[in-house]
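Engineer: Attaching a single structure in structure tokens format; questions to follow.
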Amino acid sequence: LYTQIGKSSGDDKIAMVASTVSSSMLSVIAKREGFHFEDTLTGFKWIGSKAVQLNTNGYRTIFGYEEGIGFAYPDIVPDKDGISSLGILSELAYNVYHQGKSLKDHMQSLYEKYGEFVSNNSYYFCHDPTVALKIFDDFKRDGYPDTVAGYELESIRYLGEPGYDSLTADKKPTLAKSKSSPMLTLRFKNGCVVQLRASGTEPKFKYYIEMRGEPGISREEVEKELMKVSRLVLEEICQPEQNGLVVP
């Protein structure tokens, strides 16, 4: 999309949007290629609203997505749109195949350029809604830490009460906070991103964990490190056994 529409249009205010639990690959591409990127809360109402806001502010928002496999093209329709997705994917496939490649080959070429991105997204069953708040309260009881399970943190964002974002000047998050369903986002210096939140509709405590490898590092190596970090970080923060969290 950026190559065929963004660059060719000559528009220097191209933007893309994704929910915060989606892969950080899009934000890395944005930083490298020079277009604007913003993350939102989960759900297409947030993705669409952010796209409309960006368009009002002079941007052309050409893509938005959610990790649960939903895509939007906000300069066409600012909501999840399977019909537009089919058309755009068909055009992508046509161009890629005429270069003698498959879609899988094309995806791998992106990984080779920007690094491998491997995810470990799942949940614990949690029937007590107070447990999530206890986990977050325990995490920040003595102030926000510099390390978790021996891994150095790059940034912390907490979308609860009171909210916190180590990257903003006033330490307040720009995304909406929720007292009843907060979210914790931890970005580590080793390229790992851990996000934790309680489901608002199911008895689940969800985690979204992604590891980014530098270009040239194999997917197998990145996945191995991801699973190691996941195990140690989840054990330290969530303490599943003590908190009655059940593995599905």
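Here, A, B, ... name the chains of the structure tokens in the order displayed, residue numbers run from 1 inside each chain, and ligands are numbered from 1 in the same displayed order.
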May I have a table of the residues of region 92-150 of chain A lying at most 12 Å from region 57-79 of chain A, giving each one's closest pair of atoms and their distance in Å to one decimal, counting only C-alpha atoms, ordered by chain and ascending residue number, as a Markdown table?
Structural biologist:
| residue | atom | partner | partner_atom | distance |
| --- | --- | --- | --- | --- |
| A:Ser119 | CA | A:Glu67 | CA | 10.3 |
| A:Asn120 | CA | A:Glu67 | CA | 11.8 |
| A:Asn121 | CA | A:Glu67 | CA | 9.8 |
| A:Ser122 | CA | A:Gly68 | CA | 12.0 |
Engineer: Write out as a PyMOL selection string the residues lying within 8 Å of region 179-189 of chain A, counting only C-alpha atoms and excluding same-chain residues fewer than 5 positions away.
Structural biologist: chain A and resi 133+136+151-161+194-200
Engineer: What separation in Å, quoted to one decimal, exists between CA of Ser218 (chain A) and CA of Leu110 (chain A)?
Structural biologist: 13.2 Å
Engineer: I need the residue nearest Glu210 (chain A) from this list: A:Leu232, A:Met25, A:Arg141, A:Leu103. Use only C-alpha atoms for the distance.
Structural biologist: A:Met25
Engineer: Residues at most 12 Å from Arg32 (chain A), counting only C-alpha atoms, excluding those fewer than 5 positions away in the same chain, as an MDAnalysis selection string?
Structural biologist: chainID A and resid 25:27 37 113:115
Engineer: Please return as a VMD selection string: the residues of region 76-160 of chain A that backbone DSSP assigns to alpha helix (DSSP H).
Structural biologist: chain A and resid 82 to 97 103 to 114 130 to 139
Engineer: Work out how far CA of Gly87 (chain A) is from CA of Ser109 (chain A), in Å to one decimal.
Structural biologist: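 We find that CA of Ser109 (chain A) and CA of Gly87 (chain A) lie 22.1 Å from each other.
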Engineer: I'd like the interatomic distance between CA of Ile217 (chain A) and CA of Lys31 (chain A), to a tenth of an Å.
Structural biologist: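 Between these atoms lies a distance of 20.0 Å.
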Engineer: Using only C-alpha atoms, can you tell me which of A:Thr40, A:Ser230, A:Ser178, A:Gln108 comes closest to Gly216 (chain A)?
Structural biologist: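 So, comparing all the options, the nearest one is A:Gln108.
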Engineer: Run DSSP on the backbone and give me the residues of region 6-180 of chain A it puts in strand (DSSP E), as number ranges by chain.
Structural biologist: A: 14-19, 36-40, 60-66, 70-72, 117-125, 147-148, 151-158, 164-165
Engineer: Given the choices A:Thr56, A:Phe139, A:Tyr207, A:Gly34, which gets closest to Val21 (chain A) if the distance is worked out from only C-alpha atoms?
Structural biologist: A:Tyr207
Engineer: Between A:Asn95, A:Ser166, A:Phe125, A:Gly213, single out the one closest to Pro145 (chain A), counting only C-alpha atoms.
Structural biologist: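 Of all the options, A:Ser166 lies closest to Pro145 (chain A).
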Engineer: Please list as a ChimeraX atom specification every residue within 12 Å of Arg231 (chain A), counting only C-alpha atoms and excluding residues in the same chain fewer than 2 positions away.
Structural biologist: /A:120,148-149,194,207,209,224-229,233-240
Engineer: Taking all heavy atoms for each residue, export the selection above as a short mmCIF file (atom, residue, chain, number, x, y, z; two decimals), in the first residue's frame.
Structural biologist:
data_model
loop_
_atom_site.label_atom_id
_atom_site.label_comp_id
_atom_site.auth_asym_id
_atom_site.auth_seq_id
_atom_site.Cartn_x
_atom_site.Cartn_y
_atom_site.Cartn_z
N ASN A 120 3.37 -14.41 20.65
CA ASN A 120 2.85 -15.43 21.56
C ASN A 120 1.64 -14.81 22.27
O ASN A 120 1.77 -14.18 23.31
CB ASN A 120 3.93 -15.85 22.57
CG ASN A 120 3.39 -16.81 23.62
OD1 ASN A 120 2.42 -17.54 23.38
ND2 ASN A 120 4.01 -16.83 24.79
N VAL A 148 12.24 -6.42 34.52
CA VAL A 148 11.29 -7.49 34.86
C VAL A 148 11.95 -8.81 34.48
O VAL A 148 12.42 -8.98 33.35
CB VAL A 148 9.96 -7.34 34.10
CG1 VAL A 148 9.05 -8.55 34.36
CG2 VAL A 148 9.26 -6.05 34.49
N ALA A 149 12.04 -9.72 35.42
CA ALA A 149 12.65 -11.04 35.21
C ALA A 149 14.07 -10.93 34.67
O ALA A 149 14.54 -11.76 33.90
CB ALA A 149 11.79 -11.87 34.27
N VAL A 194 5.40 -6.74 25.78
CA VAL A 194 4.44 -7.54 26.55
C VAL A 194 3.25 -6.66 26.90
O VAL A 194 3.42 -5.56 27.44
CB VAL A 194 5.08 -8.08 27.85
CG1 VAL A 194 4.05 -8.82 28.69
CG2 VAL A 194 6.25 -9.00 27.52
N TYR A 207 -2.82 -12.08 27.37
CA TYR A 207 -1.48 -11.54 27.14
C TYR A 207 -1.14 -11.58 25.66
O TYR A 207 -1.53 -12.48 24.93
CB TYR A 207 -0.42 -12.26 27.98
CG TYR A 207 -0.30 -13.75 27.77
CD1 TYR A 207 0.47 -14.29 26.74
CD2 TYR A 207 -0.91 -14.64 28.66
CE1 TYR A 207 0.60 -15.66 26.58
CE2 TYR A 207 -0.78 -16.00 28.51
CZ TYR A 207 -0.03 -16.51 27.47
OH TYR A 207 0.09 -17.87 27.30
N ILE A 209 2.31 -11.02 23.48
CA ILE A 209 3.76 -10.87 23.61
C ILE A 209 4.39 -11.03 22.23
O ILE A 209 4.08 -11.97 21.49
CB ILE A 209 4.34 -11.92 24.58
CG1 ILE A 209 3.59 -11.88 25.92
CG2 ILE A 209 5.83 -11.69 24.80
CD1 ILE A 209 4.04 -12.93 26.91
N LYS A 224 12.62 -18.79 19.80
CA LYS A 224 13.20 -19.41 21.00
C LYS A 224 13.35 -18.38 22.12
O LYS A 224 13.01 -18.64 23.28
CB LYS A 224 14.57 -20.02 20.67
CG LYS A 224 15.23 -20.74 21.83
CD LYS A 224 16.56 -21.34 21.41
CE LYS A 224 17.25 -22.03 22.58
NZ LYS A 224 18.57 -22.60 22.18
N GLU A 225 13.84 -17.20 21.77
CA GLU A 225 14.01 -16.14 22.77
C GLU A 225 12.65 -15.65 23.25
O GLU A 225 12.47 -15.35 24.45
CB GLU A 225 14.81 -14.98 22.17
CG GLU A 225 15.13 -13.86 23.14
CD GLU A 225 16.03 -14.27 24.30
OE1 GLU A 225 16.65 -15.36 24.22
OE2 GLU A 225 16.11 -13.50 25.29
N LEU A 226 11.69 -15.56 22.34
CA LEU A 226 10.34 -15.13 22.71
C LEU A 226 9.74 -16.04 23.77
O LEU A 226 9.19 -15.56 24.78
CB LEU A 226 9.44 -15.13 21.47
CG LEU A 226 7.93 -15.01 21.74
CD1 LEU A 226 7.58 -13.62 22.27
CD2 LEU A 226 7.13 -15.31 20.48
N MET A 227 9.84 -17.34 23.58
CA MET A 227 9.22 -18.27 24.52
C MET A 227 9.93 -18.22 25.89
O MET A 227 9.28 -18.35 26.93
CB MET A 227 9.25 -19.68 23.95
CG MET A 227 8.47 -19.83 22.65
SD MET A 227 6.82 -19.04 22.65
CE MET A 227 5.98 -20.04 23.87
N LYS A 228 11.22 -17.99 25.87
CA LYS A 228 11.97 -17.88 27.13
C LYS A 228 11.53 -16.63 27.90
O LYS A 228 11.22 -16.70 29.10
CB LYS A 228 13.46 -17.81 26.83
CG LYS A 228 14.33 -17.60 28.07
CD LYS A 228 15.79 -17.42 27.69
CE LYS A 228 16.65 -17.07 28.89
NZ LYS A 228 18.07 -16.80 28.49
N VAL A 229 11.48 -15.50 27.19
CA VAL A 229 11.07 -14.25 27.84
C VAL A 229 9.63 -14.34 28.32
O VAL A 229 9.30 -13.91 29.43
CB VAL A 229 11.24 -13.05 26.88
CG1 VAL A 229 10.70 -11.78 27.51
CG2 VAL A 229 12.71 -12.86 26.51
N VAL A 233 8.67 -13.64 32.22
CA VAL A 233 7.93 -12.40 32.51
C VAL A 233 6.54 -12.71 33.04
O VAL A 233 6.08 -12.09 34.02
CB VAL A 233 7.86 -11.50 31.26
CG1 VAL A 233 6.89 -10.35 31.47
CG2 VAL A 233 9.25 -10.96 30.92
N LEU A 234 5.84 -13.66 32.42
CA LEU A 234 4.49 -14.00 32.88
C LEU A 234 4.52 -14.57 34.30
O LEU A 234 3.65 -14.27 35.11
CB LEU A 234 3.85 -15.01 31.93
CG LEU A 234 3.43 -14.47 30.56
CD1 LEU A 234 2.97 -15.61 29.65
CD2 LEU A 234 2.35 -13.41 30.70
N GLU A 235 5.52 -15.36 34.58
CA GLU A 235 5.63 -15.94 35.92
C GLU A 235 5.87 -14.85 36.96
O GLU A 235 5.25 -14.86 38.04
CB GLU A 235 6.76 -16.97 35.97
CG GLU A 235 6.95 -17.63 37.32
CD GLU A 235 5.72 -18.39 37.80
OE1 GLU A 235 5.06 -19.04 36.97
OE2 GLU A 235 5.42 -18.33 39.02
N GLU A 236 6.74 -13.89 36.65
CA GLU A 236 7.06 -12.85 37.62
C GLU A 236 5.90 -11.88 37.83
O GLU A 236 5.59 -11.51 38.96
CB GLU A 236 8.31 -12.07 37.19
CG GLU A 236 8.67 -10.97 38.18
CD GLU A 236 10.06 -10.41 37.98
OE1 GLU A 236 11.01 -11.21 37.78
OE2 GLU A 236 10.21 -9.18 38.03
N ILE A 237 5.24 -11.47 36.76
CA ILE A 237 4.17 -10.48 36.89
C ILE A 237 2.85 -11.11 37.30
O ILE A 237 2.18 -10.63 38.22
CB ILE A 237 3.98 -9.70 35.57
CG1 ILE A 237 5.23 -8.89 35.24
CG2 ILE A 237 2.78 -8.76 35.68
CD1 ILE A 237 5.15 -8.14 33.93
N CYS A 238 2.46 -12.18 36.61
CA CYS A 238 1.12 -12.75 36.81
C CYS A 238 1.04 -13.72 37.99
O CYS A 238 -0.02 -13.86 38.60
CB CYS A 238 0.66 -13.47 35.54
SG CYS A 238 0.55 -12.39 34.10
N GLN A 239 2.16 -14.38 38.29
CA GLN A 239 2.17 -15.39 39.35
C GLN A 239 0.91 -16.27 39.26
O GLN A 239 0.05 -16.24 40.14
CB GLN A 239 2.26 -14.72 40.72
CG GLN A 239 3.50 -13.87 40.90
CD GLN A 239 3.61 -13.24 42.26
OE1 GLN A 239 3.37 -13.89 43.28
NE2 GLN A 239 3.94 -11.95 42.32
N PRO A 240 0.79 -17.02 38.17
CA PRO A 240 -0.45 -17.75 37.86
C PRO A 240 -0.93 -18.65 39.00
O PRO A 240 -2.14 -18.66 39.31
CB PRO A 240 -0.06 -18.57 36.63
CG PRO A 240 1.05 -17.83 36.01
CD PRO A 240 1.83 -17.23 37.14
#
